[in-house]
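Colleague: Pasting target31.txt here (compact mmCIF, C-alpha atoms):
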# COMPACT_ATOMS: atom_id res chain seq x y z
CA MET A 17 -31.57 -33.87 37.02
CA PRO A 18 -30.78 -35.33 33.56
CA LEU A 19 -32.38 -32.27 31.98
CA ILE A 20 -30.27 -29.93 34.11
CA ARG A 21 -27.11 -31.85 33.20
CA THR A 22 -28.02 -31.62 29.50
CA VAL A 23 -28.64 -27.88 29.74
CA LEU A 24 -25.38 -27.37 31.60
CA THR A 25 -23.50 -29.45 29.03
CA VAL A 26 -24.98 -27.44 26.18
CA VAL A 27 -24.20 -24.12 27.90
CA LEU A 28 -20.65 -25.23 28.71
CA THR A 29 -20.09 -26.47 25.14
CA LEU A 30 -21.36 -23.18 23.71
CA ALA A 31 -19.18 -21.23 26.12
CA ILE A 32 -16.12 -23.22 25.10
CA LEU A 33 -16.91 -22.75 21.39
CA ALA A 34 -17.42 -19.02 21.94
CA GLY A 35 -14.13 -18.83 23.80
CA VAL A 36 -12.32 -20.68 21.03
CA CYS A 37 -13.84 -18.35 18.42
CA PHE A 38 -12.88 -15.23 20.39
CA ALA A 39 -9.35 -16.56 20.91
CA ALA A 40 -9.01 -17.42 17.21
CA ALA A 41 -10.27 -13.99 16.17
CA ALA A 42 -7.85 -12.21 18.51
CA LEU A 43 -4.95 -14.44 17.44
CA ALA A 44 -5.69 -13.69 13.79
CA VAL A 45 -5.35 -9.95 14.43
CA PHE A 46 -2.03 -10.45 16.21
CA LEU A 47 -0.71 -12.65 13.40
CA ILE A 48 -1.68 -10.43 10.47
CA ALA A 49 -1.44 -6.94 11.94
CA CYS A 50 1.06 -6.92 14.80
CA ARG A 51 4.55 -5.60 14.15
CA ARG A 52 7.24 -8.26 13.83
CA ARG A 53 9.98 -8.40 16.44
CA LYS A 54 13.31 -6.79 15.58
CA GLY A 55 15.54 -9.20 13.74
CA GLN A 56 12.72 -11.16 12.12
CA GLU A 57 12.45 -11.05 8.35
CA ALA A 58 9.91 -8.37 7.55
CA PHE A 59 8.03 -10.38 4.96
CA THR A 60 8.88 -13.86 3.75
CA VAL A 61 8.86 -13.80 -0.04
CA ASN A 62 8.55 -16.78 -2.34
CA ARG A 63 12.22 -17.17 -3.21
CA ALA A 64 11.49 -19.23 -6.31
CA ILE A 65 9.61 -16.24 -7.75
CA TYR A 66 11.74 -13.35 -6.56
CA GLU A 67 15.27 -14.75 -6.36
CA PRO A 68 16.06 -14.19 -10.07
CA PHE A 69 15.46 -10.47 -9.47
CA PHE A 70 17.45 -10.14 -6.24
CA PRO A 71 20.63 -8.86 -7.99
CA GLN A 72 18.65 -6.07 -9.69
CA MET A 73 16.81 -5.23 -6.48
CA ASP A 74 20.04 -5.17 -4.46
CA ALA A 75 21.71 -2.96 -7.06
CA GLY A 76 18.80 -0.50 -7.00
CA LYS A 77 18.84 -0.35 -3.22
CA GLU A 78 22.62 0.15 -3.13
CA TRP A 79 22.34 2.89 -5.76
CA PHE A 80 19.76 4.73 -3.69
CA LEU A 81 21.59 4.45 -0.37
CA SER A 82 24.89 5.47 -2.00
CA ARG A 83 23.27 8.85 -2.80
CA ASP A 84 23.11 9.56 0.96
CA PRO A 85 19.36 10.24 1.19
CA GLU A 86 18.26 12.33 4.14
CA THR A 87 16.38 10.68 7.00
CA VAL A 88 13.41 12.78 8.07
CA SER A 89 10.50 12.22 10.42
CA ILE A 90 6.99 13.50 11.00
CA THR A 91 4.35 12.78 13.63
CA SER A 92 1.21 10.87 12.70
CA ALA A 93 -2.27 11.96 13.71
CA ASP A 94 -2.18 9.40 16.54
CA GLY A 95 1.24 10.45 17.81
CA LEU A 96 3.64 8.00 16.11
CA ARG A 97 7.03 9.08 14.85
CA LEU A 98 7.12 8.17 11.17
CA SER A 99 10.40 8.01 9.26
CA ALA A 100 11.29 8.41 5.59
CA TYR A 101 14.22 8.74 3.25
CA VAL A 102 14.24 11.89 1.12
CA LEU A 103 16.36 12.21 -2.00
CA PRO A 104 16.08 15.61 -3.73
CA ALA A 105 16.65 15.91 -7.47
CA LYS A 106 18.46 18.65 -9.37
CA GLU A 107 16.35 20.70 -11.77
CA ALA A 108 13.32 18.78 -10.56
CA LYS A 109 10.20 18.19 -12.65
CA GLY A 110 8.07 16.99 -9.75
CA MET A 111 7.96 14.93 -6.58
CA LEU A 112 6.89 11.42 -5.62
CA VAL A 113 5.70 9.93 -2.34
CA LEU A 114 6.28 6.17 -2.57
CA MET A 115 4.31 3.86 -0.25
CA HIS A 116 5.62 0.30 0.12
CA GLY A 117 3.71 -2.92 0.71
CA TYR A 118 2.78 -5.16 3.63
CA ARG A 119 5.64 -5.78 6.09
CA ALA A 120 8.06 -4.50 3.45
CA ALA A 121 10.42 -1.57 2.90
CA GLY A 122 10.55 1.15 0.28
CA THR A 123 14.17 0.37 -0.56
CA ARG A 124 13.05 -3.15 -1.51
CA ASP A 125 9.67 -2.59 -3.16
CA PHE A 126 10.83 0.41 -5.23
CA SER A 127 14.48 -0.58 -5.54
CA CYS A 128 14.52 -0.77 -9.34
CA VAL A 129 12.34 2.24 -10.07
CA LEU A 130 14.18 4.63 -7.73
CA PRO A 131 17.08 5.32 -10.15
CA PHE A 132 14.63 5.85 -13.00
CA TYR A 133 12.50 8.34 -11.06
CA HIS A 134 15.53 10.27 -9.83
CA HIS A 135 17.20 10.39 -13.23
CA GLU A 136 13.96 11.73 -14.69
CA GLY A 137 14.07 14.64 -12.23
CA TYR A 138 11.72 13.73 -9.40
CA HIS A 139 12.27 14.43 -5.72
CA ILE A 140 11.73 11.17 -3.83
CA VAL A 141 10.02 10.80 -0.45
CA LEU A 142 10.28 7.14 0.61
CA PRO A 143 8.48 6.49 3.92
CA ASP A 144 8.61 3.45 6.15
CA GLN A 145 4.94 2.71 6.71
CA ARG A 146 3.75 2.57 10.32
CA ALA A 147 4.85 -0.54 12.23
CA CYS A 148 7.56 -1.10 9.60
CA GLY A 149 11.25 -0.26 9.48
CA ARG A 150 12.23 2.86 11.42
CA SER A 151 8.67 4.12 11.85
CA GLU A 152 6.89 3.62 15.14
CA GLY A 153 3.66 1.67 15.58
CA THR A 154 2.45 -1.67 16.83
CA TYR A 155 -0.18 -2.52 14.22
CA ILE A 156 -0.35 -2.53 10.43
CA THR A 157 -3.83 -1.38 9.39
CA PHE A 158 -3.85 -2.43 5.71
CA GLY A 159 -4.08 1.13 4.41
CA VAL A 160 -6.74 2.48 6.77
CA LYS A 161 -4.50 4.57 9.03
CA GLU A 162 -1.66 4.48 6.53
CA ARG A 163 -3.71 6.69 4.19
CA GLU A 164 -3.69 9.42 6.83
CA ASP A 165 0.09 9.02 7.10
CA CYS A 166 0.35 9.19 3.31
CA CYS A 167 -1.51 12.51 3.29
CA LEU A 168 0.89 13.87 5.91
CA TRP A 169 3.86 12.81 3.78
CA ALA A 170 2.24 14.47 0.79
CA GLU A 171 1.92 17.68 2.82
CA TYR A 172 5.55 17.34 3.86
CA ALA A 173 6.64 17.00 0.22
CA ALA A 174 4.53 19.96 -0.90
CA ASN A 175 5.87 22.15 1.91
CA ARG A 176 9.44 21.02 1.35
CA PHE A 177 9.61 21.30 -2.43
CA GLY A 178 6.85 23.81 -3.17
CA THR A 179 3.44 23.57 -4.80
CA ASP A 180 4.64 24.75 -8.22
CA LEU A 181 5.88 21.22 -8.90
CA PRO A 182 3.44 18.34 -9.46
CA LEU A 183 3.09 15.75 -6.70
CA TYR A 184 2.38 12.07 -7.35
CA LEU A 185 1.41 9.35 -4.90
CA ASP A 186 2.78 5.96 -5.91
CA GLY A 187 2.08 2.70 -4.09
CA ILE A 188 2.69 -0.99 -4.54
CA SER A 189 0.55 -3.80 -3.04
CA MET A 190 -0.71 -2.51 0.34
CA GLY A 191 0.90 0.79 -0.61
CA ALA A 192 -1.29 0.90 -3.73
CA ALA A 193 -4.38 0.45 -1.55
CA THR A 194 -3.00 3.17 0.74
CA VAL A 195 -2.71 5.78 -2.02
CA LEU A 196 -6.14 4.89 -3.40
CA PHE A 197 -7.72 5.15 0.05
CA ALA A 198 -5.97 8.53 0.46
CA LEU A 199 -8.19 9.92 -2.31
CA GLU A 200 -10.94 10.15 0.31
CA ARG A 201 -8.85 12.66 2.29
CA PRO A 202 -7.72 16.23 1.50
CA LEU A 203 -4.50 16.25 -0.53
CA PRO A 204 -2.13 19.13 -1.38
CA GLU A 205 -3.28 21.37 -4.21
CA ASN A 206 -0.37 20.29 -6.41
CA THR A 207 -1.31 16.59 -6.30
CA ALA A 208 -1.34 15.61 -9.97
CA GLY A 209 -1.95 11.85 -10.06
CA ILE A 210 -1.93 8.42 -8.44
CA ILE A 211 0.01 5.29 -9.40
CA ALA A 212 -1.39 2.04 -7.98
CA ASP A 213 0.57 -1.16 -8.68
CA SER A 214 -0.87 -4.52 -7.57
CA GLY A 215 -3.36 -3.05 -5.13
CA TYR A 216 -6.37 -4.66 -3.51
CA THR A 217 -9.95 -3.44 -3.18
CA SER A 218 -10.29 -3.45 0.61
CA PRO A 219 -8.67 -4.85 3.77
CA MET A 220 -11.60 -7.25 4.17
CA ALA A 221 -11.23 -8.58 0.62
CA ILE A 222 -7.51 -9.35 0.84
CA ILE A 223 -7.70 -10.74 4.38
CA GLU A 224 -10.60 -12.99 3.39
CA LYS A 225 -8.70 -14.18 0.30
CA VAL A 226 -5.61 -15.12 2.30
CA ALA A 227 -7.66 -16.65 5.14
CA ASP A 228 -9.55 -18.84 2.66
CA GLU A 229 -6.24 -20.08 1.25
CA VAL A 230 -4.89 -20.91 4.72
CA LEU A 231 -8.06 -22.45 6.19
CA GLY A 232 -9.68 -23.85 3.09
CA ARG A 233 -12.63 -21.58 3.71
CA CYS A 234 -12.75 -19.00 6.48
CA PRO A 235 -16.17 -18.46 8.12
CA LYS A 236 -17.38 -14.91 7.51
CA ALA A 237 -18.49 -14.72 11.13
CA LEU A 238 -14.87 -15.25 12.22
CA LEU A 239 -13.71 -12.49 9.88
CA ARG A 240 -16.30 -10.11 11.29
CA LEU A 241 -15.26 -11.03 14.81
CA SER A 242 -11.59 -10.48 13.93
CA SER A 243 -12.55 -7.12 12.47
CA HIS A 244 -14.13 -6.14 15.79
CA PHE A 245 -10.97 -7.20 17.62
CA ALA A 246 -8.90 -5.14 15.17
CA GLY A 247 -11.09 -2.16 16.03
CA PHE A 248 -10.49 -2.71 19.74
CA LEU A 249 -6.77 -3.49 19.53
CA ALA A 250 -5.55 -1.45 16.58
CA GLY A 251 -8.22 1.18 15.97
CA PHE A 252 -9.33 0.02 12.54
CA ARG A 253 -11.79 -2.45 11.05
CA PHE A 254 -11.47 -4.53 7.93
CA GLU A 255 -14.52 -2.82 6.43
CA ASP A 256 -13.24 0.73 6.96
CA CYS A 257 -12.05 1.36 3.37
CA HIS A 258 -13.31 0.18 0.00
CA ALA A 259 -11.32 1.43 -2.99
CA PRO A 260 -14.05 1.09 -5.69
CA SER A 261 -16.43 3.24 -3.63
CA ILE A 262 -13.72 5.86 -3.13
CA LEU A 263 -12.69 5.81 -6.79
CA LYS A 264 -16.25 6.51 -7.92
CA GLU A 265 -16.07 9.83 -6.07
CA ASN A 266 -12.72 10.95 -7.50
CA THR A 267 -13.40 12.77 -10.75
CA THR A 268 -10.25 14.87 -11.03
CA LEU A 269 -6.99 13.04 -10.29
CA PRO A 270 -5.85 10.65 -13.06
CA ILE A 271 -4.80 7.16 -12.00
CA LEU A 272 -2.36 4.69 -13.51
CA PHE A 273 -3.21 1.12 -12.50
CA ALA A 274 -0.78 -1.77 -12.97
CA HIS A 275 -0.91 -5.48 -12.15
CA GLY A 276 0.76 -8.74 -13.03
CA GLU A 277 -1.58 -11.28 -14.59
CA LYS A 278 0.14 -14.15 -12.75
CA ASP A 279 -0.12 -12.46 -9.36
CA GLY A 280 -0.72 -15.19 -6.80
CA PHE A 281 -1.04 -12.88 -3.80
CA VAL A 282 -3.33 -10.00 -4.80
CA PRO A 283 -5.60 -11.21 -7.64
CA LYS A 284 -5.49 -9.05 -10.77
CA GLU A 285 -9.31 -8.97 -10.59
CA MET A 286 -9.00 -6.55 -7.67
CA THR A 287 -7.18 -4.02 -9.83
CA LEU A 288 -9.71 -4.63 -12.61
CA LEU A 289 -12.51 -3.81 -10.16
CA ASN A 290 -10.70 -0.67 -9.02
CA HIS A 291 -10.05 0.38 -12.60
CA ALA A 292 -13.66 -0.19 -13.62
CA ALA A 293 -14.91 1.91 -10.70
CA ALA A 294 -12.57 4.86 -11.29
CA ALA A 295 -14.47 7.92 -12.49
CA ALA A 296 -11.41 10.03 -13.32
CA GLU A 297 -9.11 9.57 -16.31
CA LYS A 298 -7.37 6.23 -15.97
CA GLN A 299 -4.85 3.92 -17.57
CA LEU A 300 -4.20 0.21 -17.04
CA ILE A 301 -1.05 -1.85 -17.55
CA LEU A 302 -1.35 -5.62 -17.27
CA SER A 303 1.89 -7.58 -17.39
CA PRO A 304 1.09 -11.08 -18.76
CA GLU A 305 3.98 -12.96 -17.12
CA ALA A 306 4.46 -10.97 -13.91
CA GLU A 307 3.93 -12.26 -10.39
CA HIS A 308 3.06 -9.94 -7.51
CA GLY A 309 4.67 -6.51 -7.90
CA LEU A 310 7.12 -7.64 -10.60
CA GLY A 311 5.72 -5.82 -13.62
CA PHE A 312 8.39 -3.10 -13.69
CA LEU A 313 11.19 -5.65 -13.21
CA MET A 314 9.93 -7.88 -16.01
CA GLU A 315 9.04 -5.14 -18.49
CA PRO A 316 11.09 -2.08 -17.50
CA GLU A 317 10.99 -0.32 -20.87
CA ARG A 318 7.23 -0.71 -21.19
CA TYR A 319 6.61 0.49 -17.65
CA GLN A 320 9.01 3.43 -18.00
CA ALA A 321 7.27 4.57 -21.17
CA ALA A 322 3.86 4.26 -19.50
CA LEU A 323 5.01 6.24 -16.45
CA LEU A 324 6.50 9.04 -18.53
CA ALA A 325 3.36 9.26 -20.66
CA PHE A 326 1.25 9.32 -17.51
CA PHE A 327 3.27 12.19 -16.05
CA VAL A 328 2.88 14.21 -19.26
CA ARG A 329 -0.88 13.59 -19.38
CA ALA A 330 -1.33 14.36 -15.69
CA GLU A 331 0.55 17.64 -16.10
CA THR A 332 -1.64 18.57 -19.05
CA LEU A 333 -4.77 17.91 -17.00
CA ARG A 334 -3.38 19.85 -14.05
CA ALA A 335 -2.58 22.84 -16.28
CA ALA A 336 -6.09 22.74 -17.74
CA VAL A 337 -7.67 22.74 -14.28
CA SER A 338 -5.43 25.65 -13.22
CA GLU A 339 -6.42 27.62 -16.28
CA LYS A 340 -10.09 26.93 -15.67
CA ASN A 341 -9.87 28.07 -12.05
CA ARG A 342 -8.23 31.40 -12.87
Let me see whether you can do it: turn the structure in this file into structure tokens.

Modeller:
Amino acid sequence: MPLIRTVLTVVLTLAILAGVCFAAAALAVFLIACRRRKGQEAFTVNRAIYEPFFPQMDAGKEWFLSRDPETVSITSADGLRLSAYVLPAKEAKGMLVLMHGYRAAGTRDFSCVLPFYHHEGYHIVLPDQRACGRSEGTYITFGVKEREDCCLWAEYAANRFGTDLPLYLDGISMGAATVLFALERPLPENTAGIIADSGYTSPMAIIEKVADEVLGRCPKALLRLSSHFAGFLAGFRFEDCHAPSILKENTTLPILFAHGEKDGFVPKEMTLLNHAAAAAEKQLILSPEAEHGLGFLMEPERYQAALLAFFVRAETLRAAVSEKNR
């Protein structure tokens, strides 16, 4: 009898531990990936870091919305209605699809660069990523499904504005990962380059980094279990995309990488890994004093010059490829 009681105790203890682990893994997916309820702040920012820039960000957003951008929608591959602002430019030089970050909004993340892009003659397509803003969706997938959405927005832009103009994909934070992951998918023939600001290497890498900060050290087994739950609940797994592996296969589209050296959310080392892996022509801007996503705000003239130079170089490369293919 004592032996039976011991065995039963061990089995019950293991069952309870397994249950706790399964519950923790499922809860983690809900916390990090599930859409926030209406009325909740989309993403709580560190006010001490960002508050000095709020006036500039508000002014950029107000400028953009005062131009009465169109609201358009498309349908994702899995049936979601996705929404975007579109602001055409007169005598356009090109077009930009701008993908915002985690639980954010394009009018916030790109607020200060929107006037610059438009004044330089670029049509702007500014989507709400799935499960954010006006777009449908229950789960954020850290760029895995968002890359498919990005490709659809790129097709929309190419169809709307024509393939004679160059098309650029520009992303910040999770949006940067999104546009890098999109390189693994077919893109319109007029795609000329990628801009990736403060992006991470993979969903697994950034989730593990944040989990370690919250828990002290997150067991890898729990991360793998959470990844399985994400596959069951949201249709993606943390291991589904790995930017360095994708970048090794892209030999044609030039990429402009940017990152703040004081980024406390996405480590700059992730952009350095992505940059090192990139096989195509590439450029790198590191902003010594910038926190997460603040490089353009802190060094606008430097970033503007780098962007304009990148557009010129990308157009030169695109023209050379066109000439070669004739």

Colleague: Distance CA of Ala295 (chain A)-CA of Thr268 (chain A), one decimal place?

Modeller: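 These atoms are spaced 8.3 Å apart.
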
Colleague: Please compute the CA of Pro270 (chain A)-CA of Gly209 (chain A) distance, one decimal, in Å.

Modeller: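 Separating CA of Pro270 (chain A) from CA of Gly209 (chain A) is a distance of 5.1 Å.
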
Colleague: Residues within 6 Å of Ala147 (chain A), please, as number ranges by chain. Count only C-alpha atoms; anything in the same chain fewer than 4 positions from it doesn't count.

Modeller: A: 51, 152-156

Colleague: Could you list, as a list in words, every residue within 12 Å of Leu302 (chain A), counting only C-alpha atoms and ignoring same-chain residues fewer than 4 positions away?

Modeller: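 These residues fall inside the cut-off: Asp213, Ser214, Leu272, Phe273, Ala274, His275, Gly276, Glu277, Lys278, Asp279, Pro283, Lys284, Glu285, Thr287, Leu288, His291, Ala306, Glu307, His308, Gly309, Leu310, Gly311, Phe312, Met314, Glu315, Arg318, Tyr319 and Ala322 of chain A.
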
Colleague: Just want the 12 Å neighbourhood of Arg83 (chain A), counted on only C-alpha atoms, with same-chain residues fewer than 2 positions away dropped. Output as a PyMOL selection string.

Modeller: chain A and resi 76-81+85-86+101-105+130-131+134+140

Colleague: Which residue, A:Ala170, A:Val160, A:Ala330, A:Val129, has the smallest gap to Phe254 (chain A) when you use only C-alpha atoms?

Modeller: A:Val160

Colleague: Which residue gives the smallest distance to Phe69 (chain A) among A:Ser127, A:Thr267, A:Thr87, A:Ser82, with all atoms listed in the file counted?

Modeller: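 For Phe69 (chain A), the nearest of the given residues is A:Ser127.
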
Colleague: Report the distance between CA of Met220 (chain A) and CA of Asp125 (chain A) in Å, rounded to one decimal place.

Modeller: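 Going from CA of Met220 (chain A) over to CA of Asp125 (chain A), I get 23.0 Å.
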
Colleague: Of the residues A:Ala108, A:Ala335, A:Leu142, A:Ala174, which is the one nearest to Val88 (chain A), using all atoms listed in the file?

Modeller: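 Distance minimum relative to Val88 (chain A) lands on A:Leu142.
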
Colleague: Of the candidates A:Leu183, A:Ala173, A:Leu168, A:Ala227, which shows the shortest atom-to-atom distance to Pro202 (chain A), using only C-alpha atoms?

Modeller: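 Among A:Leu183, A:Ala173, A:Leu168, A:Ala227, it is A:Leu168 that comes nearest to Pro202 (chain A).
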
Colleague: Would you mind telling me which residue in A:Ile65, A:Ala75, A:Ala100, A:Ala336 lies nearest to Ala208 (chain A) when using all atoms listed in the file?

Modeller: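 Counting all atoms listed in the file, the residue closest to Ala208 (chain A) is A:Ala336.
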
Colleague: Tell me which of A:Cys128, A:Cys166, A:Ala49, A:Ala221 sits closest to Thr91 (chain A), counting all atoms listed in the file.

Modeller: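 For Thr91 (chain A), the nearest of the candidates is A:Cys166.
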
Colleague: Excluding region 185-192 of chain A and residues on its chain fewer than 3 positions from it, collect all residues at most 6 Å away from it, counting all atoms listed in the file, and give them as an NGL selection string.

Modeller: :A and (112-118 or 195 or 210-215)
